[in-house]
file model-v3.cif (mmCIF, C-alpha atoms and all ligand atoms)
data_upload
#
loop_
_atom_site.label_atom_id
_atom_site.label_comp_id
_atom_site.auth_asym_id
_atom_site.auth_seq_id
_atom_site.Cartn_x
_atom_site.Cartn_y
_atom_site.Cartn_z
CA MET L 1 109.43 99.62 42.43
CA SER L 2 105.90 98.41 41.80
CA THR L 3 104.64 98.80 38.27
CA ASP L 4 101.37 100.35 39.33
CA ARG L 5 103.19 103.44 40.62
CA SER L 6 102.44 105.03 37.26
CA GLU L 7 98.72 104.65 38.00
CA GLN L 8 99.02 106.31 41.37
CA VAL L 9 98.19 110.00 41.67
CA LEU L 10 100.63 111.79 43.99
CA ASP L 11 99.93 115.08 45.68
CA TYR L 12 102.25 117.76 44.30
CA PRO L 13 104.38 119.66 45.31
CA PHE L 14 106.21 117.20 47.56
CA ARG L 15 107.44 118.05 51.00
CA ALA L 16 111.21 117.97 51.54
CA PRO L 17 112.70 116.86 54.88
CA SER L 18 114.43 120.27 55.29
CA ALA L 19 115.25 123.44 53.37
CA VAL L 20 118.55 121.97 52.14
CA GLU L 21 117.49 118.39 51.37
CA PRO L 22 115.44 117.15 48.40
CA PRO L 23 112.10 115.37 48.72
CA GLU L 24 112.70 111.60 48.56
CA GLU L 25 110.15 111.25 45.75
CA TRP L 26 112.54 112.79 43.20
CA ALA L 27 114.99 109.88 43.10
CA LYS L 28 112.21 107.28 43.31
CA LEU L 29 110.28 108.78 40.42
CA ARG L 30 113.36 109.33 38.27
CA GLN L 31 114.15 105.66 38.68
CA GLY L 32 110.78 103.98 38.64
CA CYS L 33 108.18 106.39 37.30
CA PRO L 34 109.65 109.13 35.12
CA VAL L 35 106.21 110.20 33.89
CA ALA L 36 104.13 110.44 37.05
CA HIS L 37 100.53 111.46 37.61
CA VAL L 38 100.13 114.21 40.16
CA ARG L 39 97.37 116.26 41.73
CA LEU L 40 98.12 119.99 41.96
CA PRO L 41 97.00 122.25 44.83
CA SER L 42 93.99 123.29 42.70
CA GLY L 43 92.84 119.64 42.61
CA ASP L 44 93.55 119.45 38.86
CA LYS L 45 95.67 116.61 37.52
CA ALA L 46 98.95 116.90 35.65
CA VAL L 47 101.96 114.84 34.69
CA LEU L 48 105.30 115.34 36.44
CA VAL L 49 108.63 114.68 34.70
CA THR L 50 111.82 114.31 36.74
CA ARG L 51 114.48 112.98 34.34
CA TYR L 52 117.01 115.35 32.77
CA ASP L 53 116.36 114.33 29.15
CA ASP L 54 112.58 114.57 29.52
CA VAL L 55 112.62 117.96 31.25
CA ARG L 56 115.00 119.35 28.67
CA LYS L 57 112.95 117.94 25.80
CA VAL L 58 109.68 119.46 27.00
CA LEU L 59 111.14 122.86 27.88
CA SER L 60 113.02 123.17 24.60
CA ASP L 61 110.03 122.33 22.42
CA PRO L 62 108.66 125.60 21.03
CA ARG L 63 105.26 124.00 20.36
CA PHE L 64 104.48 123.80 24.03
CA THR L 65 103.22 126.87 25.75
CA ARG L 66 103.45 127.92 29.34
CA ASN L 67 100.17 129.75 28.99
CA LEU L 68 97.85 127.75 31.21
CA SER L 69 94.81 129.88 30.55
CA GLN L 70 93.91 127.61 27.62
CA GLU L 71 90.89 125.39 27.74
CA GLY L 72 91.81 122.03 29.22
CA ALA L 73 95.05 123.15 30.92
CA ALA L 74 95.44 122.42 34.63
CA ARG L 75 95.23 125.24 37.12
CA ILE L 76 98.09 125.36 39.59
CA THR L 77 96.19 126.85 42.50
CA ALA L 78 92.49 127.34 43.04
CA ASN L 79 92.89 131.11 43.32
CA GLU L 80 94.22 133.31 40.56
CA GLY L 81 97.55 135.01 40.34
CA GLY L 82 99.67 132.64 42.40
CA SER L 83 102.47 132.34 39.91
CA ALA L 84 105.47 134.49 39.30
CA PHE L 85 105.56 133.46 35.66
CA GLU L 86 101.85 133.66 35.16
CA SER L 87 101.24 137.24 36.16
CA GLU L 88 99.03 139.26 33.87
CA ALA L 89 102.15 140.84 32.46
CA ALA L 90 103.76 137.51 31.72
CA ALA L 91 100.59 136.06 30.22
CA GLU L 92 100.17 139.00 27.90
CA ILE L 93 103.66 138.67 26.51
CA SER L 94 104.06 134.95 26.87
CA GLY L 95 102.98 133.74 23.50
CA GLY L 96 104.08 133.80 19.90
CA GLU L 97 105.38 136.69 17.94
CA GLN L 98 104.65 139.34 20.54
CA HIS L 99 106.71 137.44 23.06
CA GLU L 100 109.55 136.83 20.61
CA LYS L 101 109.79 140.53 19.94
CA TRP L 102 109.60 141.54 23.55
CA ARG L 103 112.21 139.00 24.45
CA ARG L 104 114.54 140.21 21.71
CA PHE L 105 114.28 143.75 23.01
CA ILE L 106 114.87 143.03 26.60
CA SER L 107 117.60 140.48 25.83
CA ARG L 108 119.68 143.33 24.47
CA TRP L 109 119.70 144.68 27.94
CA PHE L 110 120.78 141.48 29.60
CA THR L 111 123.78 140.56 27.47
CA VAL L 112 126.85 139.21 29.25
CA LYS L 113 128.76 142.32 28.20
CA ARG L 114 126.21 144.78 29.52
CA ILE L 115 125.83 142.91 32.76
CA ALA L 116 129.62 142.73 33.18
CA SER L 117 129.58 146.51 33.11
CA MET L 118 127.23 146.50 36.11
CA GLN L 119 129.48 144.25 38.16
CA GLN L 120 131.28 147.07 39.98
CA SER L 121 128.08 148.68 40.99
CA ILE L 122 126.70 145.34 42.24
CA GLU L 123 129.89 144.85 44.24
CA ALA L 124 129.54 148.30 45.81
CA MET L 125 125.95 147.49 46.77
CA ALA L 126 127.09 144.22 48.40
CA HIS L 127 129.80 146.06 50.37
CA GLY L 128 127.35 148.72 51.52
CA LEU L 129 124.81 146.17 52.73
CA ILE L 130 127.49 144.08 54.47
CA ASP L 131 128.87 147.23 56.17
CA ARG L 132 125.43 147.87 57.59
CA MET L 133 125.01 144.27 58.71
CA VAL L 134 128.45 144.20 60.36
CA ALA L 135 127.76 147.49 62.14
CA LYS L 136 124.67 145.96 63.76
CA GLY L 137 126.71 142.91 64.83
CA PRO L 138 125.97 139.19 64.88
CA PRO L 139 123.72 137.29 64.75
CA ALA L 140 122.12 138.71 61.62
CA ASP L 141 119.50 137.57 59.15
CA LEU L 142 121.38 137.41 55.86
CA VAL L 143 118.11 137.44 53.93
CA SER L 144 116.76 140.76 55.18
CA GLU L 145 120.22 142.39 55.38
CA LEU L 146 121.60 141.32 51.98
CA ALA L 147 119.68 138.77 49.92
CA PHE L 148 116.41 140.71 49.84
CA PRO L 149 117.61 144.27 49.08
CA LEU L 150 120.48 143.62 46.65
CA PRO L 151 118.54 142.19 43.68
CA VAL L 152 115.83 144.85 43.92
CA TRP L 153 118.42 147.63 43.99
CA VAL L 154 119.95 146.10 40.86
CA ILE L 155 116.55 146.07 39.15
CA ALA L 156 116.02 149.70 40.18
CA GLU L 157 119.26 150.55 38.40
CA ILE L 158 118.17 148.68 35.26
CA LEU L 159 114.85 150.53 35.23
CA GLY L 160 116.57 153.86 35.82
CA ILE L 161 114.98 154.31 39.25
CA SER L 162 117.00 156.60 41.50
CA VAL L 163 118.82 155.55 44.66
CA GLU L 164 116.35 157.67 46.66
CA ASP L 165 113.41 155.71 45.30
CA ARG L 166 114.81 152.19 45.31
CA ASP L 167 113.74 151.30 48.84
CA ARG L 168 110.15 152.15 47.92
CA LEU L 169 110.47 149.67 45.06
CA ALA L 170 111.76 147.10 47.59
CA ARG L 171 108.77 147.76 49.86
CA TRP L 172 106.22 147.34 47.06
CA SER L 173 107.92 144.27 45.75
CA ASN L 174 107.92 142.75 49.22
CA ALA L 175 104.21 143.38 49.68
CA MET L 176 103.37 142.07 46.21
CA LEU L 177 105.48 138.93 46.57
CA THR L 178 105.20 137.80 50.17
CA MET L 179 101.46 137.89 50.26
CA THR L 180 101.12 135.84 53.41
CA GLN L 181 102.59 138.57 55.60
CA PHE L 182 100.25 141.25 54.32
CA THR L 183 96.51 141.67 54.15
CA GLN L 184 94.88 141.66 50.73
CA GLU L 185 94.24 145.37 51.20
CA GLU L 186 97.94 146.07 51.79
CA VAL L 187 98.89 144.00 48.75
CA ASP L 188 96.36 145.87 46.58
CA ARG L 189 97.58 149.20 47.88
CA ALA L 190 101.21 148.31 47.13
CA GLN L 191 100.23 147.22 43.63
CA ALA L 192 98.31 150.44 43.00
CA GLU L 193 101.10 152.66 44.37
CA PHE L 194 103.64 150.79 42.30
CA VAL L 195 101.67 151.21 39.07
CA GLU L 196 101.10 154.90 39.80
CA TYR L 197 104.79 155.39 40.50
CA LEU L 198 105.75 153.58 37.29
CA MET L 199 103.40 155.69 35.17
CA GLY L 200 105.07 158.82 36.52
CA HIS L 201 108.48 157.27 36.06
CA ILE L 202 107.74 156.33 32.44
CA ALA L 203 106.52 159.87 31.76
CA LYS L 204 109.79 161.23 33.16
CA LYS L 205 111.79 158.86 30.99
CA ARG L 206 109.79 159.96 27.95
CA ALA L 207 110.69 163.56 28.66
CA GLN L 208 114.28 162.78 29.51
CA PRO L 209 115.48 159.37 28.36
CA GLY L 210 118.54 157.90 30.04
CA ASP L 211 120.68 154.81 29.82
CA ASP L 212 118.19 152.30 31.11
CA LEU L 213 115.88 149.56 29.86
CA LEU L 214 112.71 151.69 29.77
CA SER L 215 114.40 154.55 27.93
CA ASP L 216 115.68 152.02 25.42
CA LEU L 217 112.16 150.74 24.82
CA ILE L 218 110.83 154.29 24.53
CA ARG L 219 113.47 155.05 21.90
CA ALA L 220 112.46 151.90 20.00
CA ALA L 221 108.82 153.01 20.14
CA ASP L 222 109.82 156.39 18.71
CA GLN L 223 111.38 154.52 15.81
CA GLY L 224 108.08 152.95 14.96
CA GLU L 225 108.09 149.80 17.06
CA HIS L 226 104.77 148.87 18.52
CA ILE L 227 105.53 149.51 22.17
CA ASN L 228 102.74 151.15 24.08
CA GLU L 229 102.36 152.29 27.68
CA LYS L 230 101.03 148.92 28.70
CA ILE L 231 104.05 147.07 27.36
CA LEU L 232 106.40 149.46 29.15
CA LEU L 233 104.50 148.93 32.38
CA MET L 234 104.46 145.19 31.93
CA THR L 235 108.16 145.09 31.19
CA ALA L 236 109.00 146.91 34.41
CA GLN L 237 106.65 144.72 36.40
CA GLY L 238 107.78 141.57 34.63
CA VAL L 239 111.46 142.21 35.34
CA LEU L 240 110.69 142.90 39.00
CA VAL L 241 108.55 139.78 39.38
CA ALA L 242 110.98 137.51 37.48
CA GLY L 243 114.19 138.92 38.89
CA HIS L 244 113.66 139.88 42.50
CA GLU L 245 112.32 136.99 44.54
CA THR L 246 114.15 134.36 42.45
CA THR L 247 117.54 135.97 43.01
CA SER L 248 116.88 136.91 46.65
CA ASN L 249 115.90 133.35 47.44
CA MET L 250 118.89 131.97 45.60
CA ILE L 251 121.34 134.17 47.54
CA GLY L 252 119.84 132.94 50.82
CA LYS L 253 119.89 129.32 49.69
CA MET L 254 123.44 129.63 48.35
CA VAL L 255 124.78 130.82 51.69
CA ALA L 256 122.75 128.21 53.58
CA MET L 257 123.94 125.38 51.30
CA LEU L 258 127.59 126.39 51.52
CA LEU L 259 127.50 126.81 55.30
CA SER L 260 125.34 123.79 56.12
CA ASP L 261 128.48 121.74 55.44
CA ARG L 262 131.22 124.17 56.35
CA ARG L 263 133.86 122.17 54.43
CA ARG L 264 132.30 123.73 51.32
CA TRP L 265 132.84 127.26 52.63
CA GLU L 266 136.40 126.39 53.64
CA GLN L 267 137.14 124.98 50.22
CA LEU L 268 136.09 128.29 48.70
CA LEU L 269 138.18 130.27 51.17
CA ALA L 270 141.17 128.19 50.12
CA GLU L 271 140.34 128.36 46.40
CA PRO L 272 138.39 131.55 45.63
CA SER L 273 138.79 130.86 41.90
CA LEU L 274 136.07 128.22 42.35
CA VAL L 275 133.40 130.88 42.91
CA ARG L 276 132.08 130.66 39.35
CA SER L 277 131.73 126.89 39.24
CA ALA L 278 130.46 126.89 42.84
CA VAL L 279 127.60 129.21 41.87
CA GLU L 280 126.61 126.86 39.02
CA GLU L 281 126.75 123.92 41.40
CA VAL L 282 124.59 125.77 43.93
CA LEU L 283 122.03 126.36 41.18
CA ARG L 284 122.15 122.70 40.19
CA PHE L 285 122.00 121.39 43.74
CA ASP L 286 119.14 123.59 44.95
CA ALA L 287 116.81 121.24 46.80
CA ASN L 288 114.21 123.90 47.45
CA ALA L 289 113.69 125.23 43.96
CA GLY L 290 109.93 125.43 44.10
CA PHE L 291 107.32 124.10 41.81
CA GLY L 292 109.06 123.60 38.46
CA LEU L 293 107.80 124.85 35.11
CA PRO L 294 104.40 123.88 33.74
CA ARG L 295 103.83 123.38 30.02
CA PHE L 296 100.61 122.62 28.18
CA ILE L 297 101.35 119.82 25.73
CA THR L 298 99.32 120.44 22.62
CA GLU L 299 100.34 117.31 20.71
CA ASP L 300 101.24 113.74 21.65
CA ILE L 301 104.86 113.25 22.66
CA GLU L 302 107.00 110.43 23.93
CA LEU L 303 108.85 110.80 27.20
CA SER L 304 111.03 108.01 28.61
CA GLY L 305 109.27 105.58 26.27
CA ALA L 306 105.78 106.52 27.47
CA LYS L 307 103.26 108.25 25.26
CA VAL L 308 101.96 111.50 26.75
CA PRO L 309 98.77 112.51 24.96
CA GLY L 310 98.14 116.01 23.69
CA ARG L 311 96.21 118.39 25.96
CA THR L 312 98.13 117.29 29.04
CA THR L 313 99.70 119.70 31.51
CA VAL L 314 103.26 118.62 32.17
CA ILE L 315 105.19 119.91 35.17
CA CYS L 316 108.94 119.93 34.54
CA SER L 317 110.93 119.56 37.73
CA MET L 318 114.26 121.11 36.84
CA ALA L 319 115.52 120.53 40.37
CA ALA L 320 114.82 116.79 40.17
CA ALA L 321 116.36 116.69 36.67
CA ASN L 322 119.44 118.46 38.00
CA ARG L 323 120.13 115.47 40.24
CA ASP L 324 119.72 112.87 37.51
CA GLU L 325 122.63 110.41 37.74
CA LYS L 326 122.40 109.82 33.99
CA ALA L 327 123.24 113.47 33.32
CA PHE L 328 125.62 114.29 36.19
CA GLU L 329 128.34 112.15 37.74
CA ARG L 330 128.07 112.00 41.53
CA ALA L 331 124.77 113.81 41.08
CA ASP L 332 123.85 113.72 44.76
CA GLU L 333 127.11 115.33 45.85
CA MET L 334 127.91 119.00 45.73
CA VAL L 335 131.11 119.25 43.68
CA LEU L 336 132.13 122.89 43.73
CA SER L 337 134.56 122.49 40.84
CA ARG L 338 132.04 120.71 38.59
CA SER L 339 132.51 121.60 34.91
CA PRO L 340 130.73 121.44 32.58
CA ASN L 341 127.51 121.88 34.50
CA PRO L 342 124.55 122.02 32.11
CA HIS L 343 121.93 122.35 34.87
CA LEU L 344 118.40 123.45 34.09
CA ALA L 345 117.86 125.97 36.90
CA PHE L 346 117.22 128.71 34.34
CA GLY L 347 114.96 126.56 32.18
CA ALA L 348 115.81 125.72 28.57
CA GLY L 349 114.76 126.75 25.09
CA GLY L 350 112.87 129.81 23.94
CA HIS L 351 111.62 130.88 27.34
CA SER L 352 114.76 130.26 29.36
CA CYS L 353 115.75 132.96 31.81
CA VAL L 354 116.61 136.23 30.08
CA GLY L 355 118.24 137.48 33.26
CA GLN L 356 120.61 134.56 33.78
CA ALA L 357 123.83 136.49 33.12
CA LEU L 358 122.65 139.04 35.67
CA ALA L 359 121.61 136.41 38.21
CA ARG L 360 125.00 134.72 37.86
CA THR L 361 126.85 138.01 38.30
CA GLU L 362 124.83 138.85 41.41
CA LEU L 363 125.43 135.42 42.96
CA GLN L 364 129.14 135.38 42.12
CA THR L 365 129.65 138.91 43.39
CA VAL L 366 127.80 138.35 46.66
CA LEU L 367 129.72 135.14 47.28
CA SER L 368 133.13 136.68 46.53
CA VAL L 369 132.47 139.69 48.73
CA LEU L 370 131.20 137.53 51.61
CA LEU L 371 134.25 135.25 51.41
CA ARG L 372 136.57 138.24 51.51
CA ARG L 373 134.75 140.26 54.13
CA LEU L 374 133.45 137.55 56.48
CA PRO L 375 135.63 134.45 56.20
CA SER L 376 134.44 133.28 59.64
CA LEU L 377 130.79 133.32 58.51
CA ASP L 378 128.73 130.44 59.87
CA LEU L 379 125.10 129.50 60.34
CA ALA L 380 123.73 130.56 63.73
CA VAL L 381 121.09 127.80 63.60
CA ALA L 382 121.18 124.11 62.66
CA PRO L 383 120.53 123.59 58.92
CA GLU L 384 117.42 121.53 59.74
CA ALA L 385 116.01 124.52 61.60
CA LEU L 386 116.20 126.92 58.65
CA PRO L 387 112.61 128.10 58.11
CA ARG L 388 111.42 127.43 54.57
CA ARG L 389 109.60 130.11 52.67
CA GLU L 390 106.30 128.67 51.65
CA GLY L 391 106.13 130.52 48.34
CA LEU L 392 104.45 128.02 46.09
CA LEU L 393 106.38 128.62 42.91
CA VAL L 394 109.78 129.78 44.00
CA GLY L 395 111.14 128.01 47.05
CA GLY L 396 113.31 129.83 49.51
CA ILE L 397 114.41 130.21 53.08
CA GLU L 398 112.61 132.79 55.18
CA ARG L 399 115.57 133.73 57.38
CA VAL L 400 119.19 132.64 57.24
CA LEU L 401 120.58 133.52 60.66
CA VAL L 402 124.37 133.87 60.51
CA ARG L 403 127.26 134.87 62.80
CA TRP L 404 130.90 135.61 62.09
C1 LIG L 501 118.74 132.81 40.48
C2 LIG L 501 117.86 133.64 39.94
C3 LIG L 501 116.92 133.28 38.83
C4 LIG L 501 116.37 132.08 38.49
C5 LIG L 501 116.56 130.72 39.18
C6 LIG L 501 115.52 132.30 37.34
C7 LIG L 501 114.81 131.31 36.68
C8 LIG L 501 114.03 131.52 35.58
C9 LIG L 501 113.33 130.48 34.85
C10 LIG L 501 113.36 129.00 35.22
C11 LIG L 501 112.68 131.07 33.81
C12 LIG L 501 111.85 130.37 32.73
C13 LIG L 501 110.38 130.48 32.94
C14 LIG L 501 109.62 129.64 31.92
O1 LIG L 501 110.21 128.96 31.07
O2 LIG L 501 108.40 129.64 31.99
C15 LIG L 501 112.95 132.48 33.89
C16 LIG L 501 112.44 133.42 33.00
C17 LIG L 501 112.71 134.77 33.07
N1 LIG L 501 113.60 135.40 33.91
FE1 LIG L 501 114.69 134.49 35.37
N2 LIG L 501 115.58 133.62 36.99
C18 LIG L 501 116.43 134.26 37.87
C19 LIG L 501 116.79 135.59 37.85
C20 LIG L 501 116.34 136.52 36.95
C21 LIG L 501 116.74 137.92 36.91
C22 LIG L 501 117.75 138.57 37.84
C23 LIG L 501 116.02 138.53 35.93
C24 LIG L 501 116.02 139.96 35.45
C25 LIG L 501 116.20 140.99 36.20
C26 LIG L 501 115.19 137.50 35.32
C27 LIG L 501 114.33 137.72 34.26
C28 LIG L 501 113.59 136.74 33.64
C29 LIG L 501 112.64 137.02 32.58
C30 LIG L 501 112.31 138.38 32.00
C31 LIG L 501 112.09 135.78 32.22
C32 LIG L 501 111.03 135.52 31.15
C33 LIG L 501 111.68 135.15 29.85
C34 LIG L 501 110.68 134.90 28.74
O3 LIG L 501 109.51 135.07 28.92
O4 LIG L 501 111.12 134.55 27.64
N3 LIG L 501 115.41 136.30 35.96
N4 LIG L 501 113.79 132.74 34.96
#

call {"tool": "encode", "arguments": {"input": "model-v3.cif", "output": "structure tokens"}}
result
Amino acid sequence: MSTDRSEQVLDYPFRAPSAVEPPEEWAKLRQGCPVAHVRLPSGDKAVLVTRYDDVRKVLSDPRFTRNLSQEGAARITANEGGSAFESEAAAEISGGEQHEKWRRFISRWFTVKRIASMQQSIEAMAHGLIDRMVAKGPPADLVSELAFPLPVWVIAEILGISVEDRDRLARWSNAMLTMTQFTQEEVDRAQAEFVEYLMGHIAKKRAQPGDDLLSDLIRAADQGEHINEKILLMTAQGVLVAGHETTSNMIGKMVAMLLSDRRRWEQLLAEPSLVRSAVEEVLRFDANAGFGLPRFITEDIELSGAKVPGRTTVICSMAAANRDEKAFERADEMVLSRSPNPHLAFGAGGHSCVGQALARTELQTVLSVLLRRLPSLDLAVAPEALPRREGLLVGGIERVLVRW
């Protein structure tokens, strides 16, 4: 590896050979240039870190903010609003005390215990969606039949949105997230309809609170907490933005990864007790995880022996870190029984994913139900032909065509 690699400025994000293989730059940079200079789609420069220890160190450091609206921070894209974690809602509640408080509140809702109590309902949703897919017959697109609707139905339940209304939520979310398929006018209309619906929904919950996240927040507000209409609205939007596309994409990628080498699927059929560790390994091994997490470094730090000056934007590639040989034995192999598996797919530190217990439960449930219901499941296209979803920040697969 030439020493002047660290002077080079690479265009980021990198392009992977296929939806299930990592870009070759990851291993090269981890080895030869752990603190790399990159140019983002906006044209702004940043530093990319790819080693496990560096990514973990930056993400866990509470001094470093993900709020890139500060003077001197790099912009990801030239246009505004491209990021799932940088939405207005996220920005508003992303810093300091306000964020701490918000996070504490919503964390109560996402405890392992509470989520475990939703497992049966998630399983019923998975069965219902698979029934519908099976009735139509193969081949089927697992994304539109299962991976897309399930997580948004789950979020509807958390927000106390009725079964009758949940497909409207799915439609709005789709328009707001997959912007390329819709005109700006359609996206704006979806956004406006969604906000109007939520205002009405919040009013209903005020009048008649139930056992859901918004009612919980309303009750806290009644007890003197500073939770206004805007925070309620932002919470609902934030949970939808953070929890829908991420989980939908991961379900699609999980099935694609396990079927792209069918020995993996067969191992799970033979040993269903591996579902839990297999889900963790899928999260670790995700080659199409998207952009990574940006942080604005406010003070000098040292990463892999190099000094990174304050006022630098650092992009943490959790997916590259998750394949670091120094942190994981046989890092470039999928080992479905791997344990422990301290991957960074949910981030680390004070901002790490609040919904991770839920995401895990959804992934484990979908996988178990698929193994039981459709043991003969297989990809209906070659893995190299799986069309990538070009979402900039959360990578995914557009369609996962399967047969059984
Ligand atoms: C496989 C699916 C998922 C993945 C890979 C994922 C990943 C992440 C990551 C990496 C972060 C950290 C962002 C940062 O540090 O800037 C995050 C934050 C967050 N996630 Fe997830 N997530 C998933 C599913 C969910 C679900 C299902 C929900 C809830 C319904 C959720 C709710 C949140 C929230 C609210 C935050 C913000 C936490 C904060 O600001 O402190 N996520 N997620």

call {"tool": "atom_distance", "arguments": {"input": "model-v3.cif", "atom1": "CA of Met234 in chain L", "atom2": "CA of Asn249 in chain L"}}
result
22.6 Å

call {"tool": "closest_residue", "arguments": {"input": "model-v3.cif", "among": "L:Asp324, L:Asp286, L:Asp212, L:Glu333", "to": "Ser162 in chain L", "atoms": "only C-alpha atoms"}}
result
L:Asp212

call {"tool": "residues_near_ligand", "arguments": {"input": "model-v3.cif", "ligand": "ligand LIG 501 (chain L)", "cutoff": "7 Å", "atoms": "all atoms listed in the file", "output": "NGL selection string"}}
result
:L and (59 or 66 or 85 or 90 or 94 or 99 or 103 or 151 or 155 or 238-240 or 242-244 or 246-247 or 250 or 293 or 345-348 or 350-356 or 358-359)

call {"tool": "closest_residue", "arguments": {"input": "model-v3.cif", "among": "L:Ala16, L:Val275, L:Val47, L:Ala306", "to": "Ala73 in chain L", "atoms": "all atoms listed in the file"}}
result
L:Val47

call {"tool": "residues_around", "arguments": {"input": "model-v3.cif", "residues": "Gly292 in chain L", "least_positions_apart": "5", "cutoff": "9 Å", "atoms": "all atoms listed in the file", "output": "list in words"}}
result
Ile315, Cys316, Ser317, Met318, Ala319, Leu393 and Val394 of chain L

call {"tool": "atom_distance", "arguments": {"input": "model-v3.cif", "atom1": "CA of Leu232 in chain L", "atom2": "CA of Leu214 in chain L"}}
result
6.7 Å

call {"tool": "atom_distance", "arguments": {"input": "model-v3.cif", "atom1": "CA of Ile227 in chain L", "atom2": "CA of Ser107 in chain L"}}
result
15.5 Å
